[in-house]
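Note sheet for the following structure.
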Amino acid sequence: MNPVPRRRPGLPVSARLRLTLGYAAFLVVSGMAVLAGVYIVIRYIPDYPLTTDDPSVTDVNITSRGEIVAALVDVTLWVLFALAAIGLAGGWFLAGWVLRPLHRIDAAVRTVATGRLDHRIRLTGPDDEFRRLADAFDHMLDRLQDAFAVQERFAANASHELRTPLAITATMLDVARREPGHDPLLDRLTEVNARAVGLTEALLRLADVDAVTAAARPLDLADPVRRAVAEAREEAARRGVDLRLDAAAAPVTGDPELLLRLADNLVRNTLRHNAEGGTATVSVGRAPDGAAVLRTENTGPVLEPGTVARLTEPFLRGQGRTRRRGGGEEGYGLGLALVSRVVEVHGGTLDLVPRPGGGLTVTVVLPGRTRSP
């Protein structure tokens, strides 16, 4: 696959400014063409002193072709200056009026880029190129939203359908393992079934998050973070990871259960994708603008930027889609996918950056809770 060429950096010149300069240049060039035609016509005037047949007119200032040309040169400079000023002012307003629909399309694209597939442009006005572009974009969003909805319903329905037979299988395996002299293969089957149950539950949690449309309960983000770190202390000790916490008040408005899942997944990731004897740092607090900031950092293997950019995909792990063996609880590759969705439904942002020495820095920014008057 050929790499996508990078766009060369250039001067940030807006389309409105380019159109304005184009209008002004066209107007000035048109004026110059008209004046050039006047000069050509003047060349055919006889080059001798001009007089008048009216004896009552004695105040004649222009008496030759040379004086007419000199006077026209003086007027030409002012005319071109006026045309340039009119072209710039008129072109600026005209370009703004023409490009006004494009601003709405640009705002809609930026909104959809944040994950809001329910947003539509619904551009009104004449059936021109902008209207057709907006309608095509809205139609594309309809198709995308339907596709994502079908995918989410399939994951939720499949998980629900798998839960019951897996639970029955788990019960049957537990009963069989209680029999004396049971086959050791039952232990392996129990482990495989337990993993299938865990994966199904993870898919259900992700589907539940996808179904969330609003969460408006005031709470302190530091509380679920402290709870998640406290519950992960035992796993950190077992893995030989130094887990550190720096928590300050960070009031937000959201769903306590979802934010606990978010914090728990981030903390567990710092431990499970760490180096033996490494460190994991968790911090939470308020930004200068009042937003709540949750940041996790850990040591670990060096990650490529391209891999980090795809870590929020379901079932993708730091080493790809293959589960590591011998590492205990390694999860199901849905942790950061769930984190990304929780952040999205709370109107926040998620940023993943590889650390130069290895490991990952994850930053979650959620809108701060406004104080009631």
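If you're wondering about the labels, chains in the structure tokens are A, B, ... by order shown, residues count from 1 in each chain, ligands from 1 in order shown.
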
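For range 361-370 of chain A, the non-local neighbours within 7 Å, defined as residues at least 5 positions apart in the same chain or in other chains and counting only C-alpha atoms, are Pro251, Val252, Thr253, Gly290, Ala291, Ala292, Val293, Leu294, Arg295, Thr296, Glu297, Asn298, His346, Gly347, Gly348, Thr349, Leu350, Asp351, Leu352, Val353, Pro354 and Arg355 of chain A.
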
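Residues with any atom within 8 Å of Gly300 in chain A, counting only C-alpha atoms and excluding same-chain neighbours fewer than 4 positions away, are His273, Asn274, Ala275, Gly278, Gly358, Gly359 and Leu360 of chain A.
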
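Closest approach to Leu271 in chain A among A:Ala250, A:Ala237, A:Ala287, A:Ala176 is made by A:Ala237 (distances from only C-alpha atoms).
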
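The closest residue to Gly31 in chain A, picked from A:Gly87, A:Gly335, A:Gly254, A:Pro180 and counting only C-alpha atoms, is A:Gly87.
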
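Nearest to Leu221 in chain A of all the residues A:Glu191, A:Asp138, A:Asp255, A:Asp183 is A:Asp255, counting only C-alpha atoms.
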
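Distance-wise, CA of Leu173 in chain A and CA of Glu234 in chain A end up 28.5 Å apart.
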
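The smallest atom-to-atom distance between Ala149 in chain A and any of A:Val345, A:Ile86, A:Leu166, A:Leu117, using only C-alpha atoms, is found for A:Leu117.
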
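If you measure from each of A:Asp242, A:Asp127, A:Asp264, A:Glu257 to Arg226 in chain A using only C-alpha atoms, the closest one turns out to be A:Asp264.
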
For Pro126 in chain A: contacts at 12 Å, only C-alpha atoms, fewer than 6 positions along chain excluded, given as a ChimeraX atom specification
/A:98,101,132,134

Write to file, as a CSV table (one decimal), in the first residue's frame, the residues of the selection just made, with C-alpha atoms.
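Result saved to out-v7.csv:
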```csv
chain,number,residue,atom,x,y,z
A,98,VAL,CA,-21.2,33.2,-1.3
A,101,PRO,CA,-23.2,27.8,3.3
A,132,ARG,CA,-26.1,19.3,-3.2
A,134,ALA,CA,-24.7,19.3,2.1
```

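Of the listed residues A:Trp97, A:Tyr39, A:Trp92, A:Tyr44, the one whose atoms come nearest to Gly22 in chain A is A:Trp92, with distances taken using only C-alpha atoms.
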